[in-house]
>>> print(open('query02.cif').read())   # mmCIF, C-alpha atoms and all ligand atoms
data_structure
#
loop_
_atom_site.label_atom_id
_atom_site.label_comp_id
_atom_site.auth_asym_id
_atom_site.auth_seq_id
_atom_site.Cartn_x
_atom_site.Cartn_y
_atom_site.Cartn_z
CA MET A 1 89.72 39.70 34.47
CA LYS A 2 92.54 39.02 36.95
CA SER A 3 93.09 41.89 39.37
CA ASN A 4 96.50 43.56 39.38
CA SER A 5 96.24 44.31 43.13
CA PRO A 6 98.27 42.10 45.43
CA VAL A 7 96.49 39.41 47.43
CA CYS A 8 97.21 39.50 51.16
CA VAL A 9 97.70 36.10 52.85
CA THR A 10 97.99 36.15 56.65
CA GLY A 11 99.94 33.28 58.20
CA ALA A 12 101.96 32.75 55.00
CA SER A 13 104.51 30.70 56.98
CA GLY A 14 101.90 28.12 57.98
CA PHE A 15 101.21 24.72 56.43
CA ILE A 16 98.06 25.94 54.65
CA GLY A 17 99.15 29.58 54.21
CA ALA A 18 102.34 28.62 52.33
CA HIS A 19 100.35 26.44 49.93
CA ILE A 20 97.94 29.33 49.30
CA VAL A 21 100.92 31.59 48.52
CA ARG A 22 102.25 28.92 46.12
CA GLU A 23 98.85 28.54 44.43
CA LEU A 24 98.46 32.31 43.99
CA LEU A 25 101.97 32.75 42.58
CA GLU A 26 101.39 29.86 40.20
CA ARG A 27 98.26 31.62 38.94
CA GLY A 28 100.19 34.83 38.31
CA TYR A 29 99.04 36.93 41.30
CA ARG A 30 101.14 39.38 43.26
CA VAL A 31 101.15 38.25 46.89
CA ARG A 32 101.72 39.89 50.24
CA GLY A 33 102.33 37.27 52.86
CA THR A 34 102.34 38.12 56.56
CA VAL A 35 104.82 36.38 58.83
CA ARG A 36 106.14 36.87 62.36
CA LYS A 37 109.89 36.94 61.74
CA SER A 38 112.14 38.70 59.24
CA PRO A 39 111.97 37.43 55.60
CA GLU A 40 115.23 35.45 55.65
CA HIS A 41 113.54 32.93 57.96
CA TYR A 42 111.27 31.83 55.12
CA PRO A 43 113.43 30.49 52.24
CA PHE A 44 110.64 28.00 51.45
CA LEU A 45 108.46 31.02 50.51
CA LEU A 46 111.15 33.21 48.93
CA ASP A 47 112.28 30.32 46.69
CA LEU A 48 108.82 29.55 45.31
CA PRO A 49 108.51 30.01 41.52
CA GLY A 50 107.46 33.64 40.88
CA ALA A 51 108.32 34.75 44.43
CA LYS A 52 111.27 36.89 43.44
CA GLU A 53 109.09 39.03 41.20
CA ARG A 54 105.71 38.87 42.94
CA LEU A 55 106.00 38.00 46.67
CA GLU A 56 106.51 40.51 49.48
CA LEU A 57 106.63 39.49 53.14
CA TYR A 58 105.29 41.77 55.89
CA ARG A 59 105.73 41.23 59.61
CA ALA A 60 102.51 41.13 61.63
CA ASP A 61 101.24 39.62 64.88
CA LEU A 62 97.57 38.84 65.50
CA LEU A 63 97.65 40.47 68.92
CA GLN A 64 99.06 43.79 67.77
CA ALA A 65 96.47 46.44 66.89
CA GLY A 66 96.82 47.71 63.32
CA ALA A 67 99.38 45.00 62.53
CA TYR A 68 97.79 44.12 59.18
CA ASP A 69 97.07 47.69 57.98
CA LYS A 70 100.13 47.90 55.77
CA ALA A 71 99.81 44.43 54.30
CA ALA A 72 96.09 44.83 53.49
CA SER A 73 96.37 48.32 52.07
CA GLY A 74 95.79 48.34 48.30
CA CYS A 75 94.59 44.71 48.27
CA GLU A 76 91.23 43.63 46.84
CA TYR A 77 91.43 40.22 48.48
CA VAL A 78 92.65 39.20 51.90
CA ILE A 79 92.97 35.52 52.83
CA HIS A 80 93.14 35.15 56.60
CA THR A 81 94.69 31.84 57.62
CA ALA A 82 96.79 32.90 60.64
CA SER A 83 95.57 31.33 63.89
CA PRO A 84 97.24 29.00 66.37
CA TYR A 85 96.59 25.33 65.63
CA GLN A 86 97.66 23.43 68.73
CA ILE A 87 96.14 20.87 71.05
CA ASN A 88 96.98 20.61 74.80
CA VAL A 89 98.01 24.21 75.42
CA LYS A 90 98.71 25.57 78.92
CA ASN A 91 96.42 28.57 78.81
CA PRO A 92 93.60 28.13 76.26
CA GLN A 93 92.34 31.72 76.54
CA GLN A 94 95.76 33.25 76.00
CA ASP A 95 97.25 30.64 73.67
CA LEU A 96 94.25 29.94 71.43
CA VAL A 97 91.17 32.11 71.89
CA ASP A 98 92.81 35.54 72.09
CA PRO A 99 94.95 35.25 68.96
CA ALA A 100 92.09 33.59 67.03
CA VAL A 101 89.39 36.09 68.00
CA ILE A 102 91.31 39.33 68.56
CA GLY A 103 93.40 38.45 65.49
CA THR A 104 90.31 38.04 63.30
CA GLU A 105 88.97 41.37 64.53
CA THR A 106 92.36 43.02 63.87
CA VAL A 107 92.45 41.68 60.30
CA LEU A 108 88.84 42.80 59.71
CA GLU A 109 89.67 46.31 60.96
CA SER A 110 92.66 46.44 58.61
CA CYS A 111 90.38 45.42 55.70
CA MET A 112 88.00 48.27 56.66
CA LYS A 113 90.84 50.80 56.65
CA ALA A 114 92.32 49.44 53.42
CA ASN A 115 89.19 50.68 51.65
CA LYS A 116 89.80 48.67 48.49
CA VAL A 117 89.10 45.18 49.86
CA LYS A 118 86.29 43.32 48.04
CA ARG A 119 86.38 40.03 49.90
CA LEU A 120 87.91 38.45 52.99
CA ILE A 121 88.38 34.70 52.71
CA LEU A 122 88.62 33.24 56.20
CA THR A 123 90.22 29.89 57.00
CA SER A 124 87.76 28.59 59.52
CA SER A 125 87.50 24.89 60.29
CA ILE A 126 85.22 21.93 60.59
CA ALA A 127 85.82 22.69 64.29
CA ALA A 128 83.38 25.61 63.92
CA ILE A 129 80.74 23.16 62.61
CA THR A 130 80.95 20.59 65.42
CA ASP A 131 83.38 19.13 67.95
CA GLN A 132 81.61 15.79 68.15
CA PRO A 133 80.41 13.34 65.48
CA GLU A 134 76.78 12.26 65.62
CA SER A 135 76.46 8.90 63.90
CA HIS A 136 73.01 9.60 62.41
CA LYS A 137 73.55 13.21 61.38
CA ILE A 138 75.03 14.64 58.20
CA PHE A 139 76.68 17.97 59.02
CA THR A 140 76.27 20.87 56.60
CA GLU A 141 77.27 24.54 56.44
CA LYS A 142 74.15 25.35 58.51
CA ASP A 143 75.60 23.66 61.59
CA TRP A 144 77.52 25.53 64.27
CA ASN A 145 79.59 24.11 67.07
CA ILE A 146 77.67 25.11 70.20
CA MET A 147 79.32 22.64 72.56
CA SER A 148 82.97 23.65 72.84
CA SER A 149 84.24 25.84 75.65
CA LEU A 150 87.55 26.79 77.25
CA ASP A 151 87.32 23.52 79.14
CA ARG A 152 85.97 21.33 76.35
CA GLN A 153 88.02 21.26 73.10
CA PRO A 154 89.51 24.78 73.38
CA TYR A 155 91.04 24.75 69.87
CA GLN A 156 87.59 24.01 68.41
CA TYR A 157 86.19 26.75 70.65
CA SER A 158 88.75 29.27 69.37
CA LYS A 159 87.86 28.53 65.75
CA THR A 160 84.14 28.78 66.43
CA LEU A 161 84.46 32.12 68.22
CA ALA A 162 86.75 33.50 65.52
CA GLU A 163 84.36 32.61 62.69
CA ARG A 164 81.40 33.98 64.68
CA GLU A 165 83.37 37.17 65.29
CA ALA A 166 83.86 37.56 61.54
CA TRP A 167 80.18 37.05 60.62
CA ASP A 168 79.04 39.34 63.48
CA PHE A 169 81.47 42.01 62.29
CA ILE A 170 80.02 41.85 58.75
CA MET A 171 76.45 42.09 60.13
CA ALA A 172 77.22 44.95 62.50
CA ARG A 173 79.59 47.06 60.40
CA ARG A 174 78.26 46.38 56.89
CA PRO A 175 81.65 46.86 55.21
CA ARG A 176 82.13 47.19 51.48
CA PHE A 177 83.70 43.75 51.36
CA ASP A 178 82.03 40.39 51.80
CA LEU A 179 83.16 37.35 53.73
CA VAL A 180 83.58 33.76 52.59
CA ALA A 181 84.61 31.06 55.08
CA ILE A 182 86.37 27.82 54.16
CA ASN A 183 85.83 25.11 56.79
CA PRO A 184 88.43 22.40 56.16
CA ALA A 185 88.40 19.01 57.85
CA MET A 186 91.76 17.47 58.89
CA VAL A 187 94.32 18.80 56.43
CA ILE A 188 97.20 16.53 55.40
CA GLY A 189 99.69 16.60 52.55
CA PRO A 190 103.23 17.57 51.63
CA SER A 191 104.63 20.51 53.55
CA LEU A 192 106.52 23.38 51.94
CA SER A 193 108.32 24.10 55.21
CA PRO A 194 110.42 21.87 57.48
CA LEU A 195 107.87 22.24 60.31
CA LEU A 196 105.52 19.38 61.14
CA ASN A 197 101.86 20.43 61.09
CA THR A 198 99.60 19.19 63.92
CA THR A 199 97.50 17.03 61.55
CA ASN A 200 100.47 15.48 59.72
CA GLN A 201 101.84 14.81 63.20
CA MET A 202 98.77 12.71 63.91
CA ILE A 203 99.66 10.51 60.91
CA ARG A 204 103.23 10.29 62.21
CA ASP A 205 101.88 9.29 65.63
CA ILE A 206 99.82 6.51 64.04
CA MET A 207 103.06 5.22 62.48
CA SER A 208 105.24 5.65 65.57
CA GLY A 209 103.48 3.51 68.16
CA VAL A 210 101.65 6.39 69.85
CA TYR A 211 98.27 4.77 69.05
CA PRO A 212 98.20 1.60 71.16
CA CYS A 213 95.50 -0.07 69.06
CA ILE A 214 92.96 0.54 66.32
CA MET A 215 90.14 2.48 67.96
CA ASP A 216 86.71 3.24 66.54
CA LEU A 217 87.74 6.72 65.35
CA ASN A 218 87.20 8.40 62.01
CA TRP A 219 87.97 11.79 60.56
CA GLY A 220 87.23 13.88 57.49
CA PHE A 221 90.46 14.48 55.57
CA VAL A 222 91.42 16.86 52.80
CA ASP A 223 94.70 17.51 51.00
CA VAL A 224 96.46 20.81 51.73
CA ARG A 225 96.82 21.52 47.99
CA ASP A 226 93.04 21.21 47.56
CA VAL A 227 92.45 23.46 50.60
CA ALA A 228 94.73 26.08 49.04
CA LYS A 229 92.87 25.80 45.75
CA ALA A 230 89.51 26.14 47.54
CA HIS A 231 90.62 29.46 49.05
CA VAL A 232 91.72 30.81 45.68
CA LEU A 233 88.55 29.60 43.94
CA ALA A 234 86.48 31.29 46.67
CA MET A 235 88.41 34.46 45.89
CA GLU A 236 88.11 34.25 42.10
CA ASN A 237 84.48 33.19 41.96
CA ASP A 238 82.33 36.33 42.38
CA SER A 239 79.24 34.33 43.31
CA ALA A 240 80.96 32.39 46.12
CA SER A 241 79.22 33.10 49.42
CA GLY A 242 78.82 31.91 52.98
CA ARG A 243 80.63 28.91 54.37
CA TYR A 244 82.16 25.95 52.54
CA LEU A 245 82.72 22.59 54.17
CA CYS A 246 85.97 21.33 52.70
CA SER A 247 86.52 17.59 53.12
CA ALA A 248 87.46 14.90 50.61
CA GLU A 249 86.60 11.70 52.46
CA THR A 250 85.77 10.44 55.93
CA ILE A 251 88.20 7.69 56.84
CA HIS A 252 88.33 5.20 59.72
CA LEU A 253 91.58 4.59 61.60
CA ARG A 254 91.34 0.93 60.50
CA ARG A 255 91.46 2.05 56.85
CA ILE A 256 94.42 4.38 57.45
CA VAL A 257 96.37 1.47 58.91
CA ALA A 258 95.32 -0.83 56.04
CA ILE A 259 96.43 1.70 53.39
CA LEU A 260 99.77 2.21 55.13
CA LYS A 261 100.33 -1.57 55.42
CA SER A 262 99.62 -2.14 51.74
CA SER A 263 101.69 0.83 50.53
CA GLY A 264 105.13 -0.21 51.74
CA PHE A 265 104.93 1.22 55.28
CA GLN A 266 104.12 -2.03 57.11
CA ARG A 267 107.41 -2.00 59.05
CA TYR A 268 106.51 1.14 61.02
CA ALA A 269 105.03 0.84 64.53
CA LEU A 270 101.42 0.78 63.30
CA PRO A 271 98.67 -0.16 65.77
CA LYS A 272 98.12 -3.92 65.51
CA ILE A 273 95.27 -4.90 67.82
CA ASP A 274 91.81 -3.98 66.62
CA LEU A 275 89.76 -2.64 69.55
CA SER A 276 87.16 -0.83 67.49
CA GLY A 277 84.22 -2.90 68.78
CA ILE A 278 81.87 -1.88 71.63
CA ALA A 279 84.06 -3.38 74.39
CA GLY A 280 87.16 -1.74 72.91
CA THR A 281 85.40 1.62 72.79
CA LEU A 282 84.51 1.35 76.48
CA LEU A 283 88.11 0.46 77.30
CA MET A 284 89.39 3.41 75.22
CA LYS A 285 87.09 5.78 77.09
CA LEU A 286 88.58 4.57 80.37
CA LEU A 287 92.16 4.73 79.07
CA SER A 288 91.56 8.24 77.71
CA PHE A 289 91.87 9.52 81.29
CA THR A 290 95.57 8.60 81.17
CA GLN A 291 96.14 10.95 78.17
CA PRO A 292 96.88 14.71 78.24
CA LYS A 293 93.65 16.59 79.11
CA ASP A 294 92.53 17.75 75.65
CA THR A 295 93.59 14.55 73.88
CA GLY A 296 91.68 12.52 76.48
CA LYS A 297 88.58 14.62 76.05
CA TYR A 298 88.86 14.37 72.25
CA ILE A 299 88.95 10.57 72.47
CA ARG A 300 85.94 10.44 74.79
CA LEU A 301 83.91 12.73 72.51
CA ASN A 302 84.84 10.96 69.29
CA VAL A 303 85.46 7.27 69.88
CA GLY A 304 82.59 5.01 68.83
CA ARG A 305 80.90 7.67 66.70
CA SER A 306 81.03 8.21 62.96
CA MET A 307 81.28 11.57 61.26
CA HIS A 308 79.35 12.50 58.11
CA TYR A 309 79.63 15.73 56.11
CA ASP A 310 77.71 17.00 53.12
CA THR A 311 80.29 18.60 50.81
CA SER A 312 78.02 19.19 47.83
CA LYS A 313 78.12 23.00 48.19
CA ILE A 314 81.86 23.35 47.66
CA LYS A 315 81.86 20.83 44.81
CA GLN A 316 78.98 22.53 43.00
CA GLU A 317 79.70 26.20 43.64
CA LEU A 318 83.50 26.16 43.45
CA SER A 319 83.74 23.24 40.98
CA ILE A 320 86.44 21.61 43.04
CA SER A 321 87.33 17.94 42.96
CA PHE A 322 89.38 16.48 45.76
CA ARG A 323 92.42 14.21 45.60
CA PRO A 324 91.63 10.72 46.90
CA PHE A 325 92.66 10.23 50.54
CA LYS A 326 94.94 7.28 49.71
CA GLU A 327 97.04 9.41 47.36
CA SER A 328 97.30 12.27 49.93
CA LEU A 329 98.22 9.88 52.72
CA ILE A 330 101.03 8.21 50.78
CA GLU A 331 102.43 11.57 49.67
CA THR A 332 102.20 12.90 53.22
CA VAL A 333 104.20 9.97 54.58
CA ARG A 334 106.85 10.20 51.84
CA ASP A 335 107.13 13.95 52.53
CA MET A 336 107.57 13.38 56.28
CA VAL A 337 110.37 10.93 55.48
CA THR A 338 112.02 13.53 53.21
CA TRP A 339 111.89 16.18 55.95
CA GLY A 340 113.24 13.70 58.52
CA HIS A 341 110.03 13.58 60.61
CA LEU A 342 109.89 9.81 60.06
CA PRO A 343 112.74 7.35 59.46
CA PRO A 344 112.89 5.89 55.94
CA PRO A 345 110.82 2.72 55.48
CA LYS A 346 112.81 -0.43 56.23
CA GLU A 347 113.34 -3.03 53.52
CA ASN A 348 111.26 -6.22 53.94
P1 LIG B 1 100.12 26.21 61.13
O1 LIG B 1 101.02 25.57 60.16
O2 LIG B 1 100.42 26.06 62.57
O3 LIG B 1 99.99 27.74 60.74
C1 LIG B 1 99.45 28.68 61.61
C2 LIG B 1 99.82 30.03 61.08
O4 LIG B 1 99.29 31.04 61.98
C3 LIG B 1 101.34 30.27 61.04
O5 LIG B 1 101.66 31.06 59.93
C4 LIG B 1 101.60 31.04 62.34
O6 LIG B 1 102.75 31.84 62.30
C5 LIG B 1 100.35 31.89 62.36
N1 LIG B 1 100.13 32.43 63.71
C6 LIG B 1 99.86 31.75 64.85
N2 LIG B 1 99.78 32.62 65.89
C7 LIG B 1 100.02 33.87 65.39
C8 LIG B 1 100.09 35.17 65.94
N3 LIG B 1 99.90 35.39 67.25
N4 LIG B 1 100.33 36.20 65.10
C9 LIG B 1 100.55 36.01 63.76
N5 LIG B 1 100.51 34.80 63.19
C10 LIG B 1 100.24 33.73 63.99
O7 LIG B 1 98.63 25.67 60.96
P2 LIG B 1 97.76 25.42 59.65
O8 LIG B 1 97.32 24.02 59.69
O9 LIG B 1 98.44 25.94 58.45
O10 LIG B 1 96.54 26.33 60.03
C11 LIG B 1 96.19 27.47 59.27
C12 LIG B 1 94.74 27.75 59.51
O11 LIG B 1 93.97 26.63 59.08
C13 LIG B 1 94.39 27.97 60.97
O12 LIG B 1 93.42 28.98 61.02
C14 LIG B 1 93.78 26.63 61.39
O13 LIG B 1 92.89 26.77 62.44
C15 LIG B 1 93.08 26.24 60.11
N6 LIG B 1 92.78 24.81 59.94
C16 LIG B 1 93.79 23.89 59.94
C17 LIG B 1 93.47 22.55 59.74
C18 LIG B 1 94.53 21.48 59.70
O14 LIG B 1 94.21 20.28 59.80
N7 LIG B 1 95.80 21.82 59.53
C19 LIG B 1 92.13 22.16 59.58
C20 LIG B 1 91.14 23.13 59.58
C21 LIG B 1 91.47 24.46 59.75
P3 LIG B 1 104.18 31.27 62.78
O15 LIG B 1 104.70 30.47 61.61
O16 LIG B 1 104.98 32.47 63.05
O17 LIG B 1 103.92 30.42 64.00
#
>>> encode(input="query02.cif", output="structure tokens", more="lines below")
Ligand code: NAP
Amino acid sequence: MKSNSPVCVTGASGFIGAHIVRELLERGYRVRGTVRKSPEHYPFLLDLPGAKERLELYRADLLQAGAYDKAASGCEYVIHTASPYQINVKNPQQDLVDPAVIGTETVLESCMKANKVKRLILTSSIAAITDQPESHKIFTEKDWNIMSSLDRQPYQYSKTLAEREAWDFIMARRPRFDLVAINPAMVIGPSLSPLLNTTNQMIRDIMSGVYPCIMDLNWGFVDVRDVAKAHVLAMENDSASGRYLCSAETIHLRRIVAILKSSGFQRYALPKIDLSGIAGTLLMKLLSFTQPKDTGKYIRLNVGRSMHYDTSKIKQELSISFRPFKESLIETVRDMVTWGHLPPPKEN
């Protein structure tokens, strides 16, 4: 039976958090979203269907001790999405690792105090699985990213440390609640807020001439609406446990460009020259040194390698089916045009 307690969603203002709030409201839940500013800054949340009757917003910062006590109190489920998602930050410890790790600990402490919490659903990331594809390996929930550091892929490092912190906390403190982690790949899709998410921005970059050519790069992608659903299913399904890799399809940059070309977006500044062969990969590795530090490192670690994930656990245990990538991509682009992040497509 559906619980009458509110569900706490940290980072409700975020790309994923807002979709989780929408999914919960749609399913009839009462929701407590945590945000950093006063409620009037979030009309895209307050105007959601059901929000007037069932959404409350609480202010909380990940670096403030006890910040989530009030929001978590009386909740049976807490969904912790808040964490900085940025590449190329100035101070990786301060800008990424501290809020991710201290924030996770703060939220866990609030769940302890709340006394009623049954489960914490943590938005981890594929970044906590690995920061580098291995062409002959299929990654599963058993894999942990052991390579990242403050100097190598600091965002991936922050997500790995934060998820580790959560599992260690559960082991050490044996709380009355359990932990389920969702590990999404690159999340794209329509945004509820006017802000441009880092992953959607990558799609915009591909369409705006930022990618000089087609490189041998591929990524796992998943639609934000499916990620939101995965969190709610992990909450509703009593037998859900452990980690869940959450990825719909692994897609090569060449295929992204081909889909965009054949879907009415051929007049954007898409990469034209295909340099995804061995010589091109060598050239890209050299050129990566001209990029901002973390972008350059990302290219060197990823170019020329293919990523493979086993997503059978989430499909079987949470009975989720994912939207096809092509559909998500087209909707993402149309949504970015609507928000003004991309100019409208030109007529042929
Ligand atoms: P996002 O749109 O940037 O949202 C991040 C959220 O975290 C925002 O609500 C932000 O609040 C909040 N936040 C950041 N620093 C905070 C702080 N110090 N105190 C309180 N709140 C803070 O990013 P997203 O894509 O939705 O990411 C949500 C989660 O999904 C993150 O944990 C991210 O690592 C994970 N994830 C994302 C992807 C992806 O491709 N998007 C993939 C895998 C995992 P403000 O609105 O106030 O800044």
>>> residues_near_ligand(input="query02.cif", ligand="ligand LIG 1 (chain B)", cutoff="6 Å", atoms="only C-alpha atoms and all ligand atoms", output="PyMOL selection string")
chain A and resi 11-17+35-36+60-63+81-85+99+123-125+184-187+197+199
>>> closest_atom_pairs(input="query02.cif", of="range 157-261 of chain A", to="range 325-333 of chain A", cutoff="10 Å", atoms="all atoms listed in the file", output="JSON lines")
{"residue": "A:Val187", "atom": "CA", "partner": "A:Ser328", "partner_atom": "CA", "distance": 9.7}
{"residue": "A:Ile188", "atom": "CA", "partner": "A:Thr332", "partner_atom": "CA", "distance": 6.6}
{"residue": "A:Gly189", "atom": "CA", "partner": "A:Thr332", "partner_atom": "CA", "distance": 4.5}
{"residue": "A:Pro190", "atom": "CA", "partner": "A:Thr332", "partner_atom": "CA", "distance": 5.0}
{"residue": "A:Ser191", "atom": "CA", "partner": "A:Thr332", "partner_atom": "CA", "distance": 8.0}
{"residue": "A:Asn200", "atom": "CA", "partner": "A:Thr332", "partner_atom": "CA", "distance": 7.2}
{"residue": "A:Ile203", "atom": "CA", "partner": "A:Val333", "partner_atom": "CA", "distance": 7.8}
{"residue": "A:Arg204", "atom": "CA", "partner": "A:Val333", "partner_atom": "CA", "distance": 7.7}
{"residue": "A:Met207", "atom": "CA", "partner": "A:Val333", "partner_atom": "CA", "distance": 9.3}
{"residue": "A:Gly220", "atom": "CA", "partner": "A:Phe325", "partner_atom": "CA", "distance": 9.5}
{"residue": "A:Phe221", "atom": "CA", "partner": "A:Phe325", "partner_atom": "CA", "distance": 6.9}
{"residue": "A:Val222", "atom": "CA", "partner": "A:Phe325", "partner_atom": "CA", "distance": 7.1}
{"residue": "A:Asp223", "atom": "CA", "partner": "A:Ser328", "partner_atom": "CA", "distance": 5.9}
{"residue": "A:Val224", "atom": "CA", "partner": "A:Ser328", "partner_atom": "CA", "distance": 8.8}
{"residue": "A:Arg225", "atom": "CA", "partner": "A:Ser328", "partner_atom": "CA", "distance": 9.5}
{"residue": "A:Ser247", "atom": "CA", "partner": "A:Phe325", "partner_atom": "CA", "distance": 9.9}
{"residue": "A:Ala248", "atom": "CA", "partner": "A:Phe325", "partner_atom": "CA", "distance": 7.0}
{"residue": "A:Glu249", "atom": "CA", "partner": "A:Phe325", "partner_atom": "CA", "distance": 6.5}
{"residue": "A:Thr250", "atom": "CA", "partner": "A:Phe325", "partner_atom": "CA", "distance": 8.8}
{"residue": "A:Ile251", "atom": "CA", "partner": "A:Phe325", "partner_atom": "CA", "distance": 8.1}
{"residue": "A:Arg255", "atom": "CA", "partner": "A:Lys326", "partner_atom": "CA", "distance": 9.5}
{"residue": "A:Ile256", "atom": "CA", "partner": "A:Leu329", "partner_atom": "CA", "distance": 8.2}
{"residue": "A:Ile259", "atom": "CA", "partner": "A:Lys326", "partner_atom": "CA", "distance": 6.8}
{"residue": "A:Leu260", "atom": "CA", "partner": "A:Ile330", "partner_atom": "CA", "distance": 7.5}
>>> residues_around(input="query02.cif", residues="Ile121 in chain A", least_positions_apart="4", cutoff="10 Å", atoms="all atoms listed in the file", output="number ranges by chain")
A: 9, 77-81, 178-182, 231-232, 234-235, 241-243
>>> closest_residue(input="query02.cif", among="A:Asp216, A:Glu56, A:Asp151, A:Glu236", to="Pro92 in chain A", atoms="only C-alpha atoms")
A:Asp151
>>> closest_residue(input="query02.cif", among="A:Thr10, A:Thr130, A:Thr281, A:Gln201", to="Leu342 in chain A", atoms="only C-alpha atoms")
A:Gln201
>>> residues_around(input="query02.cif", residues="range 112-114 of chain A", least_positions_apart="4", cutoff="9 Å", atoms="only C-alpha atoms", output="VMD selection string")
chain A and resid 69 to 70 72 to 76 107 to 108 175 to 177
>>> residues_around(input="query02.cif", residues="Thr140 in chain A", least_positions_apart="3", cutoff="12 Å", atoms="only C-alpha atoms", output="ChimeraX atom specification")
/A:126,128-130,137,143-145,183,242-247,307-314
>>> closest_residue(input="query02.cif", among="A:Thr34, A:Ile299, A:Tyr29, A:Gln64", to="Pro49 in chain A", atoms="all atoms listed in the file")
A:Tyr29
>>> residues_around(input="query02.cif", residues="Pro212 in chain A", least_positions_apart="3", cutoff="10 Å", atoms="all atoms listed in the file", output="VMD selection string")
chain A and resid 206 208 to 209 215 269 to 275 284
>>> closest_residue(input="query02.cif", among="A:Arg30, A:His19, A:Arg152, A:Arg173", to="Ser3 in chain A", atoms="only C-alpha atoms")
A:Arg30
>>> closest_residue(input="query02.cif", among="A:Arg32, A:His41, A:Val101, A:Pro194", to="His341 in chain A", atoms="only C-alpha atoms")
A:Pro194
>>> axis_aligned_box(input="query02.cif", around="range 96-107 of chain A", padding_each_side="6 Å", output="AutoDock Vina command-line options")
--center_x 92.0 --center_y 36.5 --center_z 66.2 --size_x 18.0 --size_y 25.1 --size_z 23.8
>>> build_atoms(input="query02.cif", residues="range 195-211 of chain A", atoms="N, CA and C atoms", output="PDB file, in the coordinates of the input")
ATOM      1  N   LEU A 195     108.639  22.462  59.082  1.00  0.00           N
ATOM      2  CA  LEU A 195     107.870  22.240  60.310  1.00  0.00           C
ATOM      3  C   LEU A 195     106.828  21.139  60.104  1.00  0.00           C
ATOM      4  N   LEU A 196     106.509  20.462  61.199  1.00  0.00           N
ATOM      5  CA  LEU A 196     105.520  19.380  61.140  1.00  0.00           C
ATOM      6  C   LEU A 196     104.177  19.914  61.616  1.00  0.00           C
ATOM      7  N   ASN A 197     103.191  19.936  60.727  1.00  0.00           N
ATOM      8  CA  ASN A 197     101.860  20.430  61.090  1.00  0.00           C
ATOM      9  C   ASN A 197     101.170  19.446  62.050  1.00  0.00           C
ATOM     10  N   THR A 198     100.278  19.996  62.894  1.00  0.00           N
ATOM     11  CA  THR A 198      99.600  19.190  63.920  1.00  0.00           C
ATOM     12  C   THR A 198      98.852  17.985  63.309  1.00  0.00           C
ATOM     13  N   THR A 199      98.245  18.163  62.125  1.00  0.00           N
ATOM     14  CA  THR A 199      97.500  17.030  61.550  1.00  0.00           C
ATOM     15  C   THR A 199      98.439  15.992  60.939  1.00  0.00           C
ATOM     16  N   ASN A 200      99.483  16.451  60.227  1.00  0.00           N
ATOM     17  CA  ASN A 200     100.470  15.480  59.720  1.00  0.00           C
ATOM     18  C   ASN A 200     101.102  14.737  60.886  1.00  0.00           C
ATOM     19  N   GLN A 201     101.264  15.447  62.011  1.00  0.00           N
ATOM     20  CA  GLN A 201     101.840  14.810  63.200  1.00  0.00           C
ATOM     21  C   GLN A 201     100.977  13.644  63.677  1.00  0.00           C
ATOM     22  N   MET A 202      99.661  13.802  63.507  1.00  0.00           N
ATOM     23  CA  MET A 202      98.770  12.710  63.910  1.00  0.00           C
ATOM     24  C   MET A 202      99.051  11.457  63.072  1.00  0.00           C
ATOM     25  N   ILE A 203      99.320  11.662  61.775  1.00  0.00           N
ATOM     26  CA  ILE A 203      99.660  10.510  60.910  1.00  0.00           C
ATOM     27  C   ILE A 203     100.996   9.918  61.371  1.00  0.00           C
ATOM     28  N   ARG A 204     101.949  10.805  61.712  1.00  0.00           N
ATOM     29  CA  ARG A 204     103.230  10.290  62.210  1.00  0.00           C
ATOM     30  C   ARG A 204     103.018   9.481  63.476  1.00  0.00           C
ATOM     31  N   ASP A 205     102.149  10.010  64.372  1.00  0.00           N
ATOM     32  CA  ASP A 205     101.880   9.290  65.630  1.00  0.00           C
ATOM     33  C   ASP A 205     101.311   7.900  65.367  1.00  0.00           C
ATOM     34  N   ILE A 206     100.419   7.817  64.363  1.00  0.00           N
ATOM     35  CA  ILE A 206      99.820   6.510  64.040  1.00  0.00           C
ATOM     36  C   ILE A 206     100.914   5.535  63.605  1.00  0.00           C
ATOM     37  N   MET A 207     101.989   6.073  63.008  1.00  0.00           N
ATOM     38  CA  MET A 207     103.060   5.220  62.480  1.00  0.00           C
ATOM     39  C   MET A 207     104.205   5.031  63.469  1.00  0.00           C
ATOM     40  N   SER A 208     104.093   5.664  64.642  1.00  0.00           N
ATOM     41  CA  SER A 208     105.240   5.650  65.570  1.00  0.00           C
ATOM     42  C   SER A 208     104.886   5.003  66.904  1.00  0.00           C
ATOM     43  N   GLY A 209     103.826   4.233  66.941  1.00  0.00           N
ATOM     44  CA  GLY A 209     103.480   3.510  68.160  1.00  0.00           C
ATOM     45  C   GLY A 209     102.744   4.334  69.206  1.00  0.00           C
ATOM     46  N   VAL A 210     102.354   5.560  68.857  1.00  0.00           N
ATOM     47  CA  VAL A 210     101.650   6.390  69.850  1.00  0.00           C
ATOM     48  C   VAL A 210     100.208   5.884  70.041  1.00  0.00           C
ATOM     49  N   TYR A 211      99.633   5.344  68.953  1.00  0.00           N
ATOM     50  CA  TYR A 211      98.270   4.770  69.050  1.00  0.00           C
ATOM     51  C   TYR A 211      98.413   3.316  69.463  1.00  0.00           C
TER      52      TYR A 211
END
